[in-house]
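S.K.: run_7.pdb is reproduced in full below (PDB, C-alpha atoms).
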ATOM      1  CA  MET A   1       1.945  27.437  -1.049  1.00  0.00           C
ATOM      2  CA  ASN A   2       1.466  23.684  -0.802  1.00  0.00           C
ATOM      3  CA  ILE A   3       2.905  21.974  -3.905  1.00  0.00           C
ATOM      4  CA  VAL A   4       2.497  18.255  -4.576  1.00  0.00           C
ATOM      5  CA  ILE A   5       4.928  16.964  -7.188  1.00  0.00           C
ATOM      6  CA  VAL A   6       3.941  13.746  -8.978  1.00  0.00           C
ATOM      7  CA  THR A   7       6.711  11.935 -10.825  1.00  0.00           C
ATOM      8  CA  THR A   8       7.626   8.447 -11.983  1.00  0.00           C
ATOM      9  CA  GLY A   9      11.050   8.599 -10.370  1.00  0.00           C
ATOM     10  CA  TYR A  10      12.961  10.258  -7.567  1.00  0.00           C
ATOM     11  CA  PRO A  11      16.317   9.624  -5.880  1.00  0.00           C
ATOM     12  CA  ASN A  12      16.099   6.805  -3.362  1.00  0.00           C
ATOM     13  CA  GLU A  13      18.343   4.604  -1.240  1.00  0.00           C
ATOM     14  CA  HIS A  14      18.877   2.143  -4.117  1.00  0.00           C
ATOM     15  CA  ASN A  15      19.433   4.715  -6.868  1.00  0.00           C
ATOM     16  CA  PRO A  16      20.519   8.113  -5.499  1.00  0.00           C
ATOM     17  CA  SER A  17      21.030   9.610  -8.980  1.00  0.00           C
ATOM     18  CA  HIS A  18      17.571   8.644 -10.306  1.00  0.00           C
ATOM     19  CA  TYR A  19      15.655  11.793 -11.420  1.00  0.00           C
ATOM     20  CA  VAL A  20      18.047  14.045  -9.500  1.00  0.00           C
ATOM     21  CA  PHE A  21      16.941  16.940 -11.753  1.00  0.00           C
ATOM     22  CA  VAL A  22      13.448  16.671 -10.214  1.00  0.00           C
ATOM     23  CA  LYS A  23      14.947  16.659  -6.726  1.00  0.00           C
ATOM     24  CA  ASN A  24      16.903  19.848  -7.524  1.00  0.00           C
ATOM     25  CA  LEU A  25      13.699  21.539  -8.702  1.00  0.00           C
ATOM     26  CA  VAL A  26      11.768  20.390  -5.602  1.00  0.00           C
ATOM     27  CA  GLU A  27      14.469  21.611  -3.231  1.00  0.00           C
ATOM     28  CA  THR A  28      14.544  24.996  -4.976  1.00  0.00           C
ATOM     29  CA  LEU A  29      10.756  25.300  -4.651  1.00  0.00           C
ATOM     30  CA  ALA A  30      10.986  24.378  -0.959  1.00  0.00           C
ATOM     31  CA  ASP A  31      13.794  26.876  -0.345  1.00  0.00           C
ATOM     32  CA  PHE A  32      11.586  29.595  -1.866  1.00  0.00           C
ATOM     33  CA  GLY A  33       9.184  29.005   1.042  1.00  0.00           C
ATOM     34  CA  ASN A  34       6.788  26.448  -0.423  1.00  0.00           C
ATOM     35  CA  GLN A  35       5.648  23.331   1.368  1.00  0.00           C
ATOM     36  CA  CYS A  36       6.622  20.509  -1.011  1.00  0.00           C
ATOM     37  CA  SER A  37       5.639  16.861  -1.105  1.00  0.00           C
ATOM     38  CA  VAL A  38       6.816  14.408  -3.746  1.00  0.00           C
ATOM     39  CA  ILE A  39       4.781  11.367  -4.768  1.00  0.00           C
ATOM     40  CA  ALA A  40       6.749   8.887  -6.887  1.00  0.00           C
ATOM     41  CA  PRO A  41       4.715   5.669  -7.168  1.00  0.00           C
ATOM     42  CA  GLN A  42       6.726   2.481  -7.564  1.00  0.00           C
ATOM     43  CA  ASN A  43       5.509  -0.380  -9.726  1.00  0.00           C
ATOM     44  CA  ARG A  44       5.695  -3.554  -7.654  1.00  0.00           C
ATOM     45  CA  LEU A  45       5.116  -5.789 -10.679  1.00  0.00           C
ATOM     46  CA  GLN A  46       8.624  -4.921 -11.822  1.00  0.00           C
ATOM     47  CA  LYS A  47      10.333  -7.449  -9.591  1.00  0.00           C
ATOM     48  CA  GLU A  48      13.847  -6.230 -10.439  1.00  0.00           C
ATOM     49  CA  LEU A  49      13.183  -3.049  -8.466  1.00  0.00           C
ATOM     50  CA  PRO A  50      14.117  -3.313  -4.784  1.00  0.00           C
ATOM     51  CA  TYR A  51      11.565  -2.180  -2.238  1.00  0.00           C
ATOM     52  CA  ILE A  52      11.738   1.518  -1.358  1.00  0.00           C
ATOM     53  CA  ARG A  53      10.310   2.592   1.989  1.00  0.00           C
ATOM     54  CA  GLU A  54       7.027   4.438   1.532  1.00  0.00           C
ATOM     55  CA  HIS A  55       7.777   7.744   3.275  1.00  0.00           C
ATOM     56  CA  ARG A  56      10.789   9.785   4.209  1.00  0.00           C
ATOM     57  CA  VAL A  57      11.537  13.431   4.971  1.00  0.00           C
ATOM     58  CA  ASP A  58      14.431  15.113   3.155  1.00  0.00           C
ATOM     59  CA  THR A  59      16.098  18.332   4.286  1.00  0.00           C
ATOM     60  CA  THR A  60      17.198  20.878   1.672  1.00  0.00           C
ATOM     61  CA  ALA A  61      20.454  22.829   1.771  1.00  0.00           C
ATOM     62  CA  GLY A  62      18.373  25.751   3.085  1.00  0.00           C
ATOM     63  CA  GLY A  63      17.083  23.638   5.992  1.00  0.00           C
ATOM     64  CA  ASN A  64      13.557  23.138   4.634  1.00  0.00           C
ATOM     65  CA  LYS A  65      11.701  19.830   4.847  1.00  0.00           C
ATOM     66  CA  VAL A  66      10.347  17.891   1.851  1.00  0.00           C
ATOM     67  CA  ASN A  67       8.043  14.909   2.299  1.00  0.00           C
ATOM     68  CA  VAL A  68       8.813  12.139  -0.186  1.00  0.00           C
ATOM     69  CA  PHE A  69       6.386   9.262  -0.759  1.00  0.00           C
ATOM     70  CA  PHE A  70       6.856   6.044  -2.751  1.00  0.00           C
ATOM     71  CA  PRO A  71       3.410   4.406  -2.775  1.00  0.00           C
ATOM     72  CA  ILE A  72       2.873   1.157  -4.622  1.00  0.00           C
ATOM     73  CA  PHE A  73       0.992   0.768  -7.890  1.00  0.00           C
ATOM     74  CA  ASN A  74       0.753  -2.227 -10.206  1.00  0.00           C
ATOM     75  CA  THR A  75       0.937  -2.618 -13.959  1.00  0.00           C
ATOM     76  CA  LEU A  76       2.573  -4.963 -16.424  1.00  0.00           C
ATOM     77  CA  TRP A  77       3.223  -2.013 -18.768  1.00  0.00           C
ATOM     78  CA  ARG A  78       2.302   1.687 -18.842  1.00  0.00           C
ATOM     79  CA  ASN A  79       2.023   2.579 -22.522  1.00  0.00           C
ATOM     80  CA  GLU A  80      -0.741   1.234 -24.737  1.00  0.00           C
ATOM     81  CA  LYS A  81       0.622  -1.575 -26.884  1.00  0.00           C
ATOM     82  CA  PHE A  82      -2.576  -1.839 -28.932  1.00  0.00           C
ATOM     83  CA  TYR A  83      -5.895   0.001 -29.340  1.00  0.00           C
ATOM     84  CA  LEU A  84      -7.953  -0.040 -26.099  1.00  0.00           C
ATOM     85  CA  ASP A  85      -5.162  -1.753 -24.131  1.00  0.00           C
ATOM     86  CA  ILE A  86      -6.964  -2.621 -20.882  1.00  0.00           C
ATOM     87  CA  ILE A  87      -3.734  -3.510 -19.054  1.00  0.00           C
ATOM     88  CA  ALA A  88      -2.248  -0.045 -19.677  1.00  0.00           C
ATOM     89  CA  MET A  89      -5.572   1.584 -18.737  1.00  0.00           C
ATOM     90  CA  LEU A  90      -5.669  -0.350 -15.461  1.00  0.00           C
ATOM     91  CA  GLY A  91      -2.034   0.628 -14.843  1.00  0.00           C
ATOM     92  CA  SER A  92      -2.921   4.314 -15.224  1.00  0.00           C
ATOM     93  CA  LEU A  93      -5.841   3.842 -12.852  1.00  0.00           C
ATOM     94  CA  SER A  94      -3.584   2.106 -10.313  1.00  0.00           C
ATOM     95  CA  PHE A  95      -1.016   4.942 -10.587  1.00  0.00           C
ATOM     96  CA  ARG A  96      -3.739   7.564 -10.048  1.00  0.00           C
ATOM     97  CA  HIS A  97      -5.160   5.624  -7.079  1.00  0.00           C
ATOM     98  CA  ALA A  98      -1.694   5.483  -5.464  1.00  0.00           C
ATOM     99  CA  VAL A  99      -1.315   9.264  -5.820  1.00  0.00           C
ATOM    100  CA  LYS A 100      -4.834  10.038  -4.585  1.00  0.00           C
ATOM    101  CA  HIS A 101      -4.517   7.632  -1.655  1.00  0.00           C
ATOM    102  CA  THR A 102      -1.237   9.268  -0.597  1.00  0.00           C
ATOM    103  CA  ILE A 103      -2.690  12.785  -0.804  1.00  0.00           C
ATOM    104  CA  GLU A 104      -5.639  11.755   1.350  1.00  0.00           C
ATOM    105  CA  LYS A 105      -3.748   9.521   3.800  1.00  0.00           C
ATOM    106  CA  TYR A 106      -1.212  12.244   4.596  1.00  0.00           C
ATOM    107  CA  GLU A 107      -3.715  15.127   4.238  1.00  0.00           C
ATOM    108  CA  LEU A 108      -1.470  17.001   1.810  1.00  0.00           C
ATOM    109  CA  LYS A 109      -4.110  19.551   0.666  1.00  0.00           C
ATOM    110  CA  PRO A 110      -2.376  20.699  -2.545  1.00  0.00           C
ATOM    111  CA  ASP A 111      -2.701  24.249  -3.856  1.00  0.00           C
ATOM    112  CA  VAL A 112      -0.681  23.173  -6.891  1.00  0.00           C
ATOM    113  CA  LEU A 113      -0.232  19.769  -8.520  1.00  0.00           C
ATOM    114  CA  TYR A 114       2.955  19.547 -10.572  1.00  0.00           C
ATOM    115  CA  ALA A 115       3.683  16.568 -12.840  1.00  0.00           C
ATOM    116  CA  HIS A 116       7.042  15.526 -14.163  1.00  0.00           C
ATOM    117  CA  PHE A 117       6.427  14.207 -17.016  1.00  0.00           C
ATOM    118  CA  LEU A 118       3.255  14.162 -19.107  1.00  0.00           C
ATOM    119  CA  ASP A 119       2.690  10.413 -18.882  1.00  0.00           C
ATOM    120  CA  PRO A 120       1.612   9.021 -16.498  1.00  0.00           C
ATOM    121  CA  ALA A 121       2.048  11.866 -13.995  1.00  0.00           C
ATOM    122  CA  GLY A 122       0.484  14.615 -16.139  1.00  0.00           C
ATOM    123  CA  THR A 123      -2.559  12.597 -17.102  1.00  0.00           C
ATOM    124  CA  CYS A 124      -2.913  11.604 -13.439  1.00  0.00           C
ATOM    125  CA  ILE A 125      -3.001  15.178 -12.131  1.00  0.00           C
ATOM    126  CA  ALA A 126      -5.347  16.174 -14.961  1.00  0.00           C
ATOM    127  CA  LYS A 127      -7.926  13.850 -13.450  1.00  0.00           C
ATOM    128  CA  LEU A 128      -7.199  14.905  -9.849  1.00  0.00           C
ATOM    129  CA  LYS A 129      -6.881  18.700 -10.070  1.00  0.00           C
ATOM    130  CA  ASP A 130     -10.614  19.354  -9.773  1.00  0.00           C
ATOM    131  CA  VAL A 131     -10.922  16.909  -6.859  1.00  0.00           C
ATOM    132  CA  TYR A 132      -8.547  19.111  -4.851  1.00  0.00           C
ATOM    133  CA  ASN A 133      -9.448  22.434  -6.495  1.00  0.00           C
ATOM    134  CA  ALA A 134      -5.765  22.876  -7.312  1.00  0.00           C
ATOM    135  CA  LYS A 135      -3.864  24.506 -10.123  1.00  0.00           C
ATOM    136  CA  ALA A 136      -2.027  21.986 -12.286  1.00  0.00           C
ATOM    137  CA  PHE A 137       1.197  22.067 -14.277  1.00  0.00           C
ATOM    138  CA  ALA A 138       2.793  19.258 -16.273  1.00  0.00           C
ATOM    139  CA  VAL A 139       6.191  19.170 -17.908  1.00  0.00           C
ATOM    140  CA  PHE A 140       6.257  17.707 -21.379  1.00  0.00           C
ATOM    141  CA  GLY A 141       9.866  16.689 -21.594  1.00  0.00           C
ATOM    142  CA  GLU A 142       9.664  13.176 -22.949  1.00  0.00           C
ATOM    143  CA  SER A 143      12.617  12.579 -25.217  1.00  0.00           C
ATOM    144  CA  SER A 144      10.254  11.813 -28.099  1.00  0.00           C
ATOM    145  CA  PHE A 145       6.588  11.235 -28.764  1.00  0.00           C
ATOM    146  CA  TRP A 146       7.071   7.441 -28.700  1.00  0.00           C
ATOM    147  CA  ALA A 147       7.549   7.757 -24.924  1.00  0.00           C
ATOM    148  CA  LEU A 148       3.807   8.463 -24.711  1.00  0.00           C
ATOM    149  CA  GLY A 149       2.943   5.192 -26.430  1.00  0.00           C
ATOM    150  CA  LYS A 150       1.954   4.284 -29.955  1.00  0.00           C
ATOM    151  CA  TYR A 151      -1.735   4.165 -29.062  1.00  0.00           C
ATOM    152  CA  GLY A 152      -3.548   6.531 -26.754  1.00  0.00           C
ATOM    153  CA  PHE A 153      -1.256   9.467 -27.497  1.00  0.00           C
ATOM    154  CA  ASN A 154      -4.112  11.741 -28.592  1.00  0.00           C
ATOM    155  CA  LYS A 155      -6.210  10.693 -25.576  1.00  0.00           C
ATOM    156  CA  LYS A 156      -3.384  11.681 -23.214  1.00  0.00           C
ATOM    157  CA  ILE A 157      -3.050  15.092 -24.838  1.00  0.00           C
ATOM    158  CA  GLU A 158      -6.842  15.562 -24.767  1.00  0.00           C
ATOM    159  CA  ASP A 159      -7.011  14.589 -21.054  1.00  0.00           C
ATOM    160  CA  VAL A 160      -4.514  17.288 -20.204  1.00  0.00           C
ATOM    161  CA  LYS A 161      -6.208  19.914 -22.395  1.00  0.00           C
ATOM    162  CA  LYS A 162      -9.730  19.038 -21.240  1.00  0.00           C
ATOM    163  CA  HIS A 163      -8.775  19.538 -17.598  1.00  0.00           C
ATOM    164  CA  ASN A 164      -6.897  22.793 -18.257  1.00  0.00           C
ATOM    165  CA  VAL A 165      -3.515  21.588 -17.095  1.00  0.00           C
ATOM    166  CA  ASN A 166      -0.779  24.081 -17.914  1.00  0.00           C
ATOM    167  CA  VAL A 167       1.891  22.292 -19.961  1.00  0.00           C
ATOM    168  CA  ILE A 168       5.516  23.344 -19.809  1.00  0.00           C
ATOM    169  CA  VAL A 169       7.680  22.134 -22.686  1.00  0.00           C
ATOM    170  CA  ALA A 170      11.163  21.294 -21.461  1.00  0.00           C
TER     171      ALA A 170
END
Please express what this file holds, its structure, as structure tokens.
M.R.:
Amino acid sequence: MNIVIVTTGYPNEHNPSHYVFVKNLVETLADFGNQCSVIAPQNRLQKELPYIREHRVDTTAGGNKVNVFFPIFNTLWRNEKFYLDIIAMLGSLSFRHAVKHTIEKYELKPDVLYAHFLDPAGTCIAKLKDVYNAKAFAVFGESSFWALGKYGFNKKIEDVKKHNVNVIVA
């Protein structure tokens, strides 16, 4: 099975402990015989973040390969700070474009789209699952509801429900 994992963070050369729990999950999925690719878009408008190379191939303890991609997206902030926050909406669009572009550029052909966490990864795959005729799963593990933003919370939940994304509460 071809699984594409979309996440906002993943271990990299500058921060090897960043989202290591996602890496452990991905490696387990790969060692069970799945073809896994991780897409972890990096926001280039956050200048404090060092550049991460766009593509690398990791090898699991079981000897399986995992493609890891760090495409670029741009936003000043991700969560809506006020009603109809156009900057946050454009940021979500940029995130989704980075994911879609990576899937198409590298011809990933997902059977399953898996998002870690609900925002922005879950709302992204909700809008892409039908494009690729893939099953979709999103983990809702945000530490609290404020992590989804003060405004737009209901819209994010509705996006996921409307597109029949399976939500896993962690």
S.K.: Exactly which residues make up the result of the PyMOL selection byres ((chain A and resi 75) around 8) on this file, given as a ChimeraX atom specification?
M.R.: /A:43-45,73-74,76-78,87-88,90-91,94
S.K.: Which residues fall under the PyMOL selection byres ((chain A and resi 110-127) around 6) in this file, as a PyMOL selection string?
M.R.: chain A and resi 2-7+96+108-109+128-129+134-140+160+163
S.K.: Could you write those residues out with C-alpha atoms, as an mmCIF file, in the coordinates of the input?
M.R.:
data_model
loop_
_atom_site.group_PDB
_atom_site.id
_atom_site.type_symbol
_atom_site.label_atom_id
_atom_site.label_comp_id
_atom_site.auth_asym_id
_atom_site.auth_seq_id
_atom_site.Cartn_x
_atom_site.Cartn_y
_atom_site.Cartn_z
ATOM 1 C CA ASN A 2 1.466 23.684 -0.802
ATOM 2 C CA ILE A 3 2.905 21.974 -3.905
ATOM 3 C CA VAL A 4 2.497 18.255 -4.576
ATOM 4 C CA ILE A 5 4.928 16.964 -7.188
ATOM 5 C CA VAL A 6 3.941 13.746 -8.978
ATOM 6 C CA THR A 7 6.711 11.935 -10.825
ATOM 7 C CA ARG A 96 -3.739 7.564 -10.048
ATOM 8 C CA LEU A 108 -1.470 17.001 1.810
ATOM 9 C CA LYS A 109 -4.110 19.551 0.666
ATOM 10 C CA LEU A 128 -7.199 14.905 -9.849
ATOM 11 C CA LYS A 129 -6.881 18.700 -10.070
ATOM 12 C CA ALA A 134 -5.765 22.876 -7.312
ATOM 13 C CA LYS A 135 -3.864 24.506 -10.123
ATOM 14 C CA ALA A 136 -2.027 21.986 -12.286
ATOM 15 C CA PHE A 137 1.197 22.067 -14.277
ATOM 16 C CA ALA A 138 2.793 19.258 -16.273
ATOM 17 C CA VAL A 139 6.191 19.170 -17.908
ATOM 18 C CA PHE A 140 6.257 17.707 -21.379
ATOM 19 C CA VAL A 160 -4.514 17.288 -20.204
ATOM 20 C CA HIS A 163 -8.775 19.538 -17.598
#
S.K.: Show which residues sit within 9 Å of stretch 12-29 of chain A, as a PyMOL selection string. Count only C-alpha atoms, and ignore same-chain residues fewer than 3 positions away.
M.R.: chain A and resi 3+5+7-9+32-38+49-53+59-62+64-66+116
S.K.: Any idea what the distance is between atom CA of A:Val68 and atom CA of A:Ile103?
M.R.: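 Separation between atom CA of A:Val68 and atom CA of A:Ile103: 11.5 Å.
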S.K.: Between A:Val167, A:Ile86, A:Ile72, A:Val131, which is the closest to A:Gln46 once you count all atoms listed in the file?
M.R.: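 Between A:Val167, A:Ile86, A:Ile72, A:Val131, the residue approaching A:Gln46 most closely is A:Ile72.
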S.K.: Point out the residue among A:Phe70, A:Ile39, A:Lys105, A:Pro11 with the least atom-to-atom distance to A:Glu54, counting only C-alpha atoms.
M.R.: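 Counting only C-alpha atoms, the residue closest to A:Glu54 is A:Phe70.
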S.K.: Please, what distance in Å, to one decimal, runs between atom CA of A:Ala30 and atom CA of A:His55?
M.R.: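 Result for atom CA of A:Ala30 versus atom CA of A:His55: 17.5 Å, one decimal.
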S.K.: Grab the atom CA of A:Asp31 to atom CA of A:Met1 distance for me, in Å with one decimal place.
M.R.: 11.9 Å
